[in-house]
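A.B. asks: Sharing run_5.pdb, PDB, C-alpha atoms:
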ATOM      1  CA  MET U   1     -58.991 -60.085 106.072  1.00  0.00           C
ATOM      2  CA  ARG U   2     -57.047 -56.891 106.477  1.00  0.00           C
ATOM      3  CA  ILE U   3     -57.046 -54.376 103.608  1.00  0.00           C
ATOM      4  CA  VAL U   4     -55.036 -51.207 104.198  1.00  0.00           C
ATOM      5  CA  VAL U   5     -54.419 -48.293 101.834  1.00  0.00           C
ATOM      6  CA  GLN U   6     -52.123 -45.820 103.547  1.00  0.00           C
ATOM      7  CA  GLU U   7     -49.553 -43.119 102.919  1.00  0.00           C
ATOM      8  CA  ALA U   8     -47.281 -44.096 105.808  1.00  0.00           C
ATOM      9  CA  ALA U   9     -44.525 -46.666 105.519  1.00  0.00           C
ATOM     10  CA  PHE U  10     -45.195 -50.126 106.945  1.00  0.00           C
ATOM     11  CA  ASP U  11     -42.884 -52.548 108.706  1.00  0.00           C
ATOM     12  CA  LEU U  12     -42.629 -55.614 106.463  1.00  0.00           C
ATOM     13  CA  GLY U  13     -41.222 -57.819 109.224  1.00  0.00           C
ATOM     14  CA  ALA U  14     -43.738 -56.783 111.865  1.00  0.00           C
ATOM     15  CA  GLU U  15     -46.663 -57.135 109.454  1.00  0.00           C
ATOM     16  CA  THR U  16     -45.496 -60.587 108.375  1.00  0.00           C
ATOM     17  CA  ALA U  17     -45.020 -61.718 111.983  1.00  0.00           C
ATOM     18  CA  ALA U  18     -48.447 -60.430 113.020  1.00  0.00           C
ATOM     19  CA  PHE U  19     -50.119 -62.085 110.016  1.00  0.00           C
ATOM     20  CA  ALA U  20     -48.403 -65.409 110.714  1.00  0.00           C
ATOM     21  CA  ALA U  21     -49.301 -65.197 114.401  1.00  0.00           C
ATOM     22  CA  GLY U  22     -52.960 -64.787 113.443  1.00  0.00           C
ATOM     23  CA  ALA U  23     -52.832 -67.676 110.986  1.00  0.00           C
ATOM     24  CA  ALA U  24     -52.389 -70.433 113.551  1.00  0.00           C
ATOM     25  CA  GLY U  25     -53.443 -73.771 112.092  1.00  0.00           C
ATOM     26  CA  ALA U  26     -53.246 -72.584 108.495  1.00  0.00           C
ATOM     27  CA  GLY U  27     -50.105 -74.557 107.697  1.00  0.00           C
ATOM     28  CA  ALA U  28     -48.806 -72.201 105.003  1.00  0.00           C
ATOM     29  CA  VAL U  29     -48.184 -68.469 104.840  1.00  0.00           C
ATOM     30  CA  VAL U  30     -46.890 -66.716 101.713  1.00  0.00           C
ATOM     31  CA  THR U  31     -45.908 -63.048 101.587  1.00  0.00           C
ATOM     32  CA  PHE U  32     -44.871 -60.823  98.700  1.00  0.00           C
ATOM     33  CA  ALA U  33     -43.580 -57.253  98.905  1.00  0.00           C
ATOM     34  CA  GLY U  34     -43.137 -54.822  96.020  1.00  0.00           C
ATOM     35  CA  LEU U  35     -40.396 -52.178  96.292  1.00  0.00           C
ATOM     36  CA  VAL U  36     -39.775 -48.995  94.320  1.00  0.00           C
ATOM     37  CA  ARG U  37     -37.152 -49.871  91.687  1.00  0.00           C
ATOM     38  CA  GLY U  38     -34.240 -47.452  91.634  1.00  0.00           C
ATOM     39  CA  GLU U  39     -33.368 -48.194  88.018  1.00  0.00           C
ATOM     40  CA  GLY U  40     -32.799 -45.684  85.237  1.00  0.00           C
ATOM     41  CA  GLY U  41     -32.070 -42.741  87.499  1.00  0.00           C
ATOM     42  CA  LEU U  42     -35.448 -42.839  89.193  1.00  0.00           C
ATOM     43  CA  THR U  43     -35.506 -40.371  92.086  1.00  0.00           C
ATOM     44  CA  ALA U  44     -39.076 -40.772  93.349  1.00  0.00           C
ATOM     45  CA  MET U  45     -42.425 -42.354  92.631  1.00  0.00           C
ATOM     46  CA  GLU U  46     -45.842 -40.871  93.321  1.00  0.00           C
ATOM     47  CA  ILE U  47     -48.844 -43.137  93.693  1.00  0.00           C
ATOM     48  CA  GLU U  48     -52.377 -41.835  93.340  1.00  0.00           C
ATOM     49  CA  HIS U  49     -55.480 -43.770  94.338  1.00  0.00           C
ATOM     50  CA  TYR U  50     -59.269 -43.410  94.386  1.00  0.00           C
ATOM     51  CA  PRO U  51     -60.227 -43.208  98.074  1.00  0.00           C
ATOM     52  CA  GLY U  52     -63.168 -45.482  98.761  1.00  0.00           C
ATOM     53  CA  MET U  53     -63.126 -47.358  95.480  1.00  0.00           C
ATOM     54  CA  THR U  54     -59.570 -48.612  95.938  1.00  0.00           C
ATOM     55  CA  GLU U  55     -60.225 -50.200  99.333  1.00  0.00           C
ATOM     56  CA  ALA U  56     -63.570 -51.679  98.232  1.00  0.00           C
ATOM     57  CA  ALA U  57     -62.154 -53.115  95.002  1.00  0.00           C
ATOM     58  CA  ILE U  58     -59.246 -54.782  96.826  1.00  0.00           C
ATOM     59  CA  ALA U  59     -61.592 -56.199  99.480  1.00  0.00           C
ATOM     60  CA  ASP U  60     -63.836 -57.665  96.748  1.00  0.00           C
ATOM     61  CA  HIS U  61     -60.889 -59.281  95.038  1.00  0.00           C
ATOM     62  CA  ALA U  62     -59.375 -60.598  98.264  1.00  0.00           C
ATOM     63  CA  ALA U  63     -62.735 -62.221  99.039  1.00  0.00           C
ATOM     64  CA  ALA U  64     -62.727 -63.799  95.560  1.00  0.00           C
ATOM     65  CA  ALA U  65     -59.194 -65.098  96.179  1.00  0.00           C
ATOM     66  CA  ALA U  66     -60.188 -66.502  99.556  1.00  0.00           C
ATOM     67  CA  ALA U  67     -63.075 -68.440  98.003  1.00  0.00           C
ATOM     68  CA  ARG U  68     -61.154 -69.668  94.985  1.00  0.00           C
ATOM     69  CA  PHE U  69     -58.032 -70.855  96.826  1.00  0.00           C
ATOM     70  CA  ALA U  70     -59.424 -71.997 100.165  1.00  0.00           C
ATOM     71  CA  LEU U  71     -57.553 -69.308 102.066  1.00  0.00           C
ATOM     72  CA  THR U  72     -57.936 -69.020 105.804  1.00  0.00           C
ATOM     73  CA  ASP U  73     -56.821 -65.370 105.668  1.00  0.00           C
ATOM     74  CA  ALA U  74     -55.412 -62.711 103.350  1.00  0.00           C
ATOM     75  CA  MET U  75     -53.904 -59.268 103.800  1.00  0.00           C
ATOM     76  CA  VAL U  76     -53.124 -56.444 101.373  1.00  0.00           C
ATOM     77  CA  ILE U  77     -51.256 -53.260 102.299  1.00  0.00           C
ATOM     78  CA  HIS U  78     -50.760 -50.697  99.522  1.00  0.00           C
ATOM     79  CA  ARG U  79     -49.262 -47.246  99.913  1.00  0.00           C
ATOM     80  CA  PHE U  80     -49.951 -43.988  98.104  1.00  0.00           C
ATOM     81  CA  GLY U  81     -48.123 -40.659  97.987  1.00  0.00           C
ATOM     82  CA  ARG U  82     -44.441 -39.983  97.314  1.00  0.00           C
ATOM     83  CA  LEU U  83     -42.003 -42.876  97.716  1.00  0.00           C
ATOM     84  CA  ALA U  84     -38.220 -43.114  97.351  1.00  0.00           C
ATOM     85  CA  PRO U  85     -36.306 -45.937  95.593  1.00  0.00           C
ATOM     86  CA  GLY U  86     -36.083 -49.035  97.753  1.00  0.00           C
ATOM     87  CA  GLU U  87     -39.159 -48.224  99.822  1.00  0.00           C
ATOM     88  CA  PRO U  88     -41.853 -50.891 100.072  1.00  0.00           C
ATOM     89  CA  ILE U  89     -44.895 -49.953  97.945  1.00  0.00           C
ATOM     90  CA  MET U  90     -47.156 -52.800  98.910  1.00  0.00           C
ATOM     91  CA  MET U  91     -47.394 -56.295 100.312  1.00  0.00           C
ATOM     92  CA  VAL U  92     -49.763 -59.215 100.113  1.00  0.00           C
ATOM     93  CA  ALA U  93     -49.952 -62.118 102.532  1.00  0.00           C
ATOM     94  CA  THR U  94     -51.999 -65.292 102.197  1.00  0.00           C
ATOM     95  CA  ALA U  95     -52.630 -68.149 104.593  1.00  0.00           C
ATOM     96  CA  ALA U  96     -53.971 -71.561 103.582  1.00  0.00           C
ATOM     97  CA  PRO U  97     -53.885 -75.154 104.765  1.00  0.00           C
ATOM     98  CA  HIS U  98     -51.275 -75.992 102.086  1.00  0.00           C
ATOM     99  CA  ARG U  99     -48.608 -74.000 100.268  1.00  0.00           C
ATOM    100  CA  GLN U 100     -50.003 -74.462  96.729  1.00  0.00           C
ATOM    101  CA  ASP U 101     -53.111 -72.438  97.553  1.00  0.00           C
ATOM    102  CA  ALA U 102     -51.120 -69.813  99.466  1.00  0.00           C
ATOM    103  CA  PHE U 103     -48.656 -69.288  96.559  1.00  0.00           C
ATOM    104  CA  ALA U 104     -51.345 -69.325  93.855  1.00  0.00           C
ATOM    105  CA  ALA U 105     -53.582 -66.903  95.749  1.00  0.00           C
ATOM    106  CA  ALA U 106     -50.705 -64.478  96.298  1.00  0.00           C
ATOM    107  CA  GLU U 107     -49.973 -64.489  92.546  1.00  0.00           C
ATOM    108  CA  PHE U 108     -53.672 -64.149  91.713  1.00  0.00           C
ATOM    109  CA  LEU U 109     -53.909 -61.114  94.018  1.00  0.00           C
ATOM    110  CA  MET U 110     -50.727 -59.567  92.605  1.00  0.00           C
ATOM    111  CA  ASP U 111     -51.712 -60.044  88.955  1.00  0.00           C
ATOM    112  CA  TRP U 112     -54.991 -58.319  89.666  1.00  0.00           C
ATOM    113  CA  LEU U 113     -53.444 -55.490  91.720  1.00  0.00           C
ATOM    114  CA  LYS U 114     -51.040 -54.641  88.870  1.00  0.00           C
ATOM    115  CA  SER U 115     -53.758 -53.805  86.369  1.00  0.00           C
ATOM    116  CA  ARG U 116     -57.183 -53.648  88.038  1.00  0.00           C
ATOM    117  CA  ALA U 117     -56.756 -51.950  91.417  1.00  0.00           C
ATOM    118  CA  PRO U 118     -57.326 -48.182  91.195  1.00  0.00           C
ATOM    119  CA  PHE U 119     -53.727 -46.979  91.582  1.00  0.00           C
ATOM    120  CA  TRP U 120     -51.682 -44.848  89.209  1.00  0.00           C
ATOM    121  CA  LYS U 121     -47.916 -44.478  89.385  1.00  0.00           C
ATOM    122  CA  LYS U 122     -45.863 -41.493  88.304  1.00  0.00           C
ATOM    123  CA  GLU U 123     -42.092 -41.817  88.049  1.00  0.00           C
ATOM    124  CA  PHE U 124     -39.714 -38.908  88.563  1.00  0.00           C
ATOM    125  CA  ARG U 125     -36.335 -38.643  86.861  1.00  0.00           C
ATOM    126  CA  ASP U 126     -34.222 -35.485  86.680  1.00  0.00           C
ATOM    127  CA  GLY U 127     -37.060 -33.514  88.254  1.00  0.00           C
ATOM    128  CA  SER U 128     -39.681 -34.349  85.632  1.00  0.00           C
ATOM    129  CA  GLY U 129     -42.505 -36.823  86.105  1.00  0.00           C
ATOM    130  CA  ALA U 130     -44.011 -39.368  83.717  1.00  0.00           C
ATOM    131  CA  TRP U 131     -47.081 -41.532  84.283  1.00  0.00           C
ATOM    132  CA  VAL U 132     -46.374 -45.241  84.087  1.00  0.00           C
ATOM    133  CA  ALA U 133     -48.186 -46.803  81.124  1.00  0.00           C
ATOM    134  CA  ALA U 134     -50.157 -50.010  81.521  1.00  0.00           C
ATOM    135  CA  ARG U 135     -48.155 -52.981  80.257  1.00  0.00           C
ATOM    136  CA  ASP U 136     -49.459 -55.699  77.964  1.00  0.00           C
ATOM    137  CA  SER U 137     -47.497 -58.245  80.011  1.00  0.00           C
ATOM    138  CA  ASP U 138     -49.509 -57.294  83.118  1.00  0.00           C
ATOM    139  CA  GLU U 139     -52.724 -57.696  81.134  1.00  0.00           C
ATOM    140  CA  ASP U 140     -51.538 -61.083  79.832  1.00  0.00           C
ATOM    141  CA  ALA U 141     -50.675 -62.184  83.371  1.00  0.00           C
ATOM    142  CA  LEU U 142     -54.284 -61.595  84.376  1.00  0.00           C
ATOM    143  CA  LYS U 143     -55.634 -63.769  81.560  1.00  0.00           C
ATOM    144  CA  ARG U 144     -54.139 -66.953  82.967  1.00  0.00           C
ATOM    145  CA  TRP U 145     -56.682 -66.880  85.803  1.00  0.00           C
TER     146      TRP U 145
ATOM    147  CA  MET V   1     -79.203 -34.381  87.010  1.00  0.00           C
ATOM    148  CA  THR V   2     -76.358 -33.365  89.293  1.00  0.00           C
ATOM    149  CA  LEU V   3     -73.222 -35.450  89.012  1.00  0.00           C
ATOM    150  CA  ASP V   4     -69.851 -35.415  90.780  1.00  0.00           C
ATOM    151  CA  VAL V   5     -67.166 -36.057  88.179  1.00  0.00           C
ATOM    152  CA  LEU V   6     -63.702 -37.140  89.321  1.00  0.00           C
ATOM    153  CA  TYR V   7     -60.467 -37.229  87.325  1.00  0.00           C
ATOM    154  CA  PHE V   8     -57.310 -39.127  88.202  1.00  0.00           C
ATOM    155  CA  ALA V   9     -53.660 -39.222  87.073  1.00  0.00           C
ATOM    156  CA  TRP V  10     -53.012 -37.535  83.696  1.00  0.00           C
ATOM    157  CA  LEU V  11     -56.705 -36.848  83.129  1.00  0.00           C
ATOM    158  CA  ARG V  12     -56.683 -34.790  86.333  1.00  0.00           C
ATOM    159  CA  GLU V  13     -53.541 -32.967  85.178  1.00  0.00           C
ATOM    160  CA  ARG V  14     -54.838 -32.239  81.672  1.00  0.00           C
ATOM    161  CA  ILE V  15     -58.218 -31.017  82.851  1.00  0.00           C
ATOM    162  CA  GLY V  16     -56.646 -29.157  85.754  1.00  0.00           C
ATOM    163  CA  LEU V  17     -58.896 -30.253  88.605  1.00  0.00           C
ATOM    164  CA  PRO V  18     -59.506 -33.409  90.628  1.00  0.00           C
ATOM    165  CA  ARG V  19     -63.304 -33.181  90.774  1.00  0.00           C
ATOM    166  CA  GLU V  20     -66.236 -30.996  89.862  1.00  0.00           C
ATOM    167  CA  ARG V  21     -70.005 -31.009  90.254  1.00  0.00           C
ATOM    168  CA  ILE V  22     -71.859 -30.686  86.990  1.00  0.00           C
ATOM    169  CA  GLU V  23     -75.427 -30.463  85.727  1.00  0.00           C
ATOM    170  CA  THR V  24     -76.015 -32.768  82.798  1.00  0.00           C
ATOM    171  CA  GLN V  25     -78.792 -34.263  80.697  1.00  0.00           C
ATOM    172  CA  ALA V  26     -76.487 -37.004  79.376  1.00  0.00           C
ATOM    173  CA  ALA V  27     -78.128 -40.433  79.401  1.00  0.00           C
ATOM    174  CA  THR V  28     -74.900 -42.444  79.114  1.00  0.00           C
ATOM    175  CA  VAL V  29     -71.207 -42.113  79.890  1.00  0.00           C
ATOM    176  CA  ALA V  30     -70.520 -41.635  76.162  1.00  0.00           C
ATOM    177  CA  GLU V  31     -72.948 -38.695  76.041  1.00  0.00           C
ATOM    178  CA  LEU V  32     -71.321 -37.192  79.140  1.00  0.00           C
ATOM    179  CA  VAL V  33     -67.899 -37.466  77.478  1.00  0.00           C
ATOM    180  CA  GLU V  34     -69.279 -35.677  74.386  1.00  0.00           C
ATOM    181  CA  GLU V  35     -70.608 -32.857  76.600  1.00  0.00           C
ATOM    182  CA  LEU V  36     -67.272 -32.515  78.375  1.00  0.00           C
ATOM    183  CA  ARG V  37     -65.299 -32.564  75.102  1.00  0.00           C
ATOM    184  CA  ALA V  38     -67.423 -29.741  73.756  1.00  0.00           C
ATOM    185  CA  ARG V  39     -66.738 -27.534  76.784  1.00  0.00           C
ATOM    186  CA  GLU V  40     -63.092 -26.567  76.352  1.00  0.00           C
ATOM    187  CA  GLU V  41     -59.915 -27.662  74.642  1.00  0.00           C
ATOM    188  CA  ARG V  42     -58.455 -29.157  77.844  1.00  0.00           C
ATOM    189  CA  TYR V  43     -61.394 -31.576  78.077  1.00  0.00           C
ATOM    190  CA  ALA V  44     -61.149 -32.396  74.374  1.00  0.00           C
ATOM    191  CA  ALA V  45     -57.440 -33.152  74.889  1.00  0.00           C
ATOM    192  CA  ALA V  46     -58.059 -35.337  77.939  1.00  0.00           C
ATOM    193  CA  PHE V  47     -60.753 -37.365  76.170  1.00  0.00           C
ATOM    194  CA  ALA V  48     -59.082 -37.437  72.735  1.00  0.00           C
ATOM    195  CA  ASP V  49     -58.439 -41.200  72.818  1.00  0.00           C
ATOM    196  CA  LEU V  50     -60.990 -43.149  74.841  1.00  0.00           C
ATOM    197  CA  ARG V  51     -59.003 -46.367  74.448  1.00  0.00           C
ATOM    198  CA  ALA V  52     -56.670 -44.838  77.062  1.00  0.00           C
ATOM    199  CA  VAL V  53     -59.511 -43.946  79.445  1.00  0.00           C
ATOM    200  CA  ARG V  54     -61.395 -46.076  81.960  1.00  0.00           C
ATOM    201  CA  VAL V  55     -64.624 -45.115  83.703  1.00  0.00           C
ATOM    202  CA  ALA V  56     -66.240 -45.969  87.035  1.00  0.00           C
ATOM    203  CA  LEU V  57     -69.797 -45.103  88.070  1.00  0.00           C
ATOM    204  CA  ASP V  58     -70.376 -44.900  91.820  1.00  0.00           C
ATOM    205  CA  GLN V  59     -66.963 -46.545  92.254  1.00  0.00           C
ATOM    206  CA  ARG V  60     -67.679 -49.553  90.023  1.00  0.00           C
ATOM    207  CA  LEU V  61     -65.733 -50.073  86.787  1.00  0.00           C
ATOM    208  CA  THR V  62     -68.037 -49.951  83.781  1.00  0.00           C
ATOM    209  CA  GLY V  63     -68.123 -49.123  80.078  1.00  0.00           C
ATOM    210  CA  PHE V  64     -68.854 -45.997  78.032  1.00  0.00           C
ATOM    211  CA  ASP V  65     -72.295 -47.295  77.051  1.00  0.00           C
ATOM    212  CA  ALA V  66     -73.396 -47.472  80.719  1.00  0.00           C
ATOM    213  CA  PRO V  67     -76.508 -45.434  81.640  1.00  0.00           C
ATOM    214  CA  LEU V  68     -76.177 -42.530  84.106  1.00  0.00           C
ATOM    215  CA  ALA V  69     -79.679 -42.759  85.605  1.00  0.00           C
ATOM    216  CA  GLY V  70     -79.425 -42.786  89.398  1.00  0.00           C
ATOM    217  CA  VAL V  71     -75.637 -42.330  89.367  1.00  0.00           C
ATOM    218  CA  ARG V  72     -74.089 -39.804  91.786  1.00  0.00           C
ATOM    219  CA  GLU V  73     -70.383 -40.113  91.006  1.00  0.00           C
ATOM    220  CA  ALA V  74     -68.550 -40.694  87.733  1.00  0.00           C
ATOM    221  CA  ALA V  75     -64.770 -41.094  87.592  1.00  0.00           C
ATOM    222  CA  PHE V  76     -62.396 -41.067  84.621  1.00  0.00           C
ATOM    223  CA  PHE V  77     -58.836 -42.369  84.748  1.00  0.00           C
ATOM    224  CA  PRO V  78     -56.142 -44.128  82.726  1.00  0.00           C
ATOM    225  CA  PRO V  79     -55.567 -47.907  82.928  1.00  0.00           C
ATOM    226  CA  MET V  80     -54.471 -48.777  86.448  1.00  0.00           C
ATOM    227  CA  THR V  81     -50.811 -49.364  87.300  1.00  0.00           C
ATOM    228  CA  GLY V  82     -50.710 -50.548  90.899  1.00  0.00           C
ATOM    229  CA  GLY V  83     -48.795 -53.281  92.640  1.00  0.00           C
TER     230      GLY V  83
END
Could you render the structure as structure tokens?

C.D. replies:
Amino acid sequence: MRIVVQEAAFDLGAETAAFAAGAAGAGAVVTFAGLVRGEGGLTAMEIEHYPGMTEAAIADHAAAAAARFALTDAMVIHRFGRLAPGEPIMMVATAAPHRQDAFAAAEFLMDWLKSRAPFWKKEFRDGSGAWVAARDSDEDALKRW
Amino acid sequence: MTLDVLYFAWLRERIGLPRERIETQAATVAELVEELRAREERYAAAFADLRAVRVALDQRLTGFDAPLAGVREAAFFPPMTGG
């Protein structure tokens, strides 16, 4: 399992190809990428994390996903620092013998990442920043697991 | 005991620093928060509403009633908003 927390951009296509190449025999690979939304005049987003805890928490949860959904592999890449609209923030990839497990595990990982992984987003509009508040809908999404 | 205390996101901004090393006799997270609140207005403002604050001890999420014995690092932050 590959867990990466980095400031640099990542190549979605290259990462997906490399993950799929390493998943030989799995049968199903699902990927999801989250991009910075450019809505409402957003000019930039800053993402803060907790070095050490963030990586460890994601690794713990990826291991839980692997056990629960019979994954053969999983990958999470999440960026921090200043990002522009349209830039990829993060991606998850899952590999499993069958697509149901790969899809479900990707959603399970995403629902957890939205509200339990130590990241905090700040949105900038017209030069002023505002911290993104936690959403009840993200909390509700987690409850279904 | 000596404790490294870390602040993230708006807690870091309100308190004005990302981390500090403190000496404390607090037995629990709640007692530590009371000590910090009593220090200065900026701490009182940051910890005004604990429903908006999460805590981790040695990089594990926990609650405000958690004991501090043996802990080296405490971190305070708002609910996470990753993904």

A.B. asks: For Phe47 (chain V), work out the shell of residues within 9 Å, counting all atoms listed in the file and skipping chain neighbours fewer than 2 positions away, then give it as a PDB file with C-alpha atoms, in the frame of the given file.

C.D. replies:
ATOM      1  CA  LEU V  11     -56.705 -36.848  83.129  1.00  0.00           C
ATOM      2  CA  VAL V  33     -67.899 -37.466  77.478  1.00  0.00           C
ATOM      3  CA  GLU V  34     -69.279 -35.677  74.386  1.00  0.00           C
ATOM      4  CA  LEU V  36     -67.272 -32.515  78.375  1.00  0.00           C
ATOM      5  CA  ARG V  37     -65.299 -32.564  75.102  1.00  0.00           C
ATOM      6  CA  ARG V  42     -58.455 -29.157  77.844  1.00  0.00           C
ATOM      7  CA  TYR V  43     -61.394 -31.576  78.077  1.00  0.00           C
ATOM      8  CA  ALA V  44     -61.149 -32.396  74.374  1.00  0.00           C
ATOM      9  CA  ALA V  45     -57.440 -33.152  74.889  1.00  0.00           C
ATOM     10  CA  ASP V  49     -58.439 -41.200  72.818  1.00  0.00           C
ATOM     11  CA  LEU V  50     -60.990 -43.149  74.841  1.00  0.00           C
ATOM     12  CA  ALA V  52     -56.670 -44.838  77.062  1.00  0.00           C
ATOM     13  CA  VAL V  53     -59.511 -43.946  79.445  1.00  0.00           C
TER      14      VAL V  53
END

A.B. asks: What are the closest atom pairs, with distances in Å to one decimal, for all residues of chain U lying within 6 Å of chain V? Consider only C-alpha atoms, order rows by chain and residue number, and present the result as a Markdown table.

C.D. replies:
| residue | atom | partner | partner_atom | distance |
| --- | --- | --- | --- | --- |
| U:Met53 | CA | V:Gln59 | CA | 5.1 |
| U:Leu113 | CA | V:Gly83 | CA | 5.2 |
| U:Lys114 | CA | V:Gly82 | CA | 4.6 |
| U:Ser115 | CA | V:Met80 | CA | 5.1 |
| U:Arg116 | CA | V:Met80 | CA | 5.8 |
| U:Pro118 | CA | V:Met80 | CA | 5.6 |
| U:Phe119 | CA | V:Gly82 | CA | 4.7 |
| U:Trp120 | CA | V:Thr81 | CA | 5.0 |
| U:Ala134 | CA | V:Thr81 | CA | 5.9 |

A.B. asks: Between U:Arg37, U:Arg68, U:Arg2, U:Arg99, which one has atoms that come closest to Ala56 (chain U), using all atoms listed in the file?

C.D. replies: U:Arg2

A.B. asks: With 12 Å as the threshold, what does the neighbourhood of (-41.3, -46.0, 89.8) contain in terms of residues, counting all atoms listed in the file? Coordinates are those of the file; answer as JSON, numbers by chain.

C.D. replies: {"U": [34, 35, 36, 37, 38, 39, 40, 41, 42, 43, 44, 45, 46, 47, 81, 82, 83, 84, 85, 86, 87, 88, 89, 120, 121, 122, 123, 124, 125, 129, 130, 131, 132, 133], "V": [81, 82, 83]}

A.B. asks: Selected by the PyMOL selection byres ((chain U and resi 74) around 7) in the shown coordinates: which residues, as a PDB file with C-alpha atoms, in the frame of the given file?

C.D. replies:
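out-v8.pdb, written as the output of this step:
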ATOM      1  CA  MET U   1     -58.991 -60.085 106.072  1.00  0.00           C
ATOM      2  CA  ARG U   2     -57.047 -56.891 106.477  1.00  0.00           C
ATOM      3  CA  ALA U  62     -59.375 -60.598  98.264  1.00  0.00           C
ATOM      4  CA  ASP U  73     -56.821 -65.370 105.668  1.00  0.00           C
ATOM      5  CA  MET U  75     -53.904 -59.268 103.800  1.00  0.00           C
ATOM      6  CA  VAL U  76     -53.124 -56.444 101.373  1.00  0.00           C
ATOM      7  CA  ALA U  93     -49.952 -62.118 102.532  1.00  0.00           C
ATOM      8  CA  THR U  94     -51.999 -65.292 102.197  1.00  0.00           C
ATOM      9  CA  ALA U  95     -52.630 -68.149 104.593  1.00  0.00           C
TER      10      ALA U  95
END
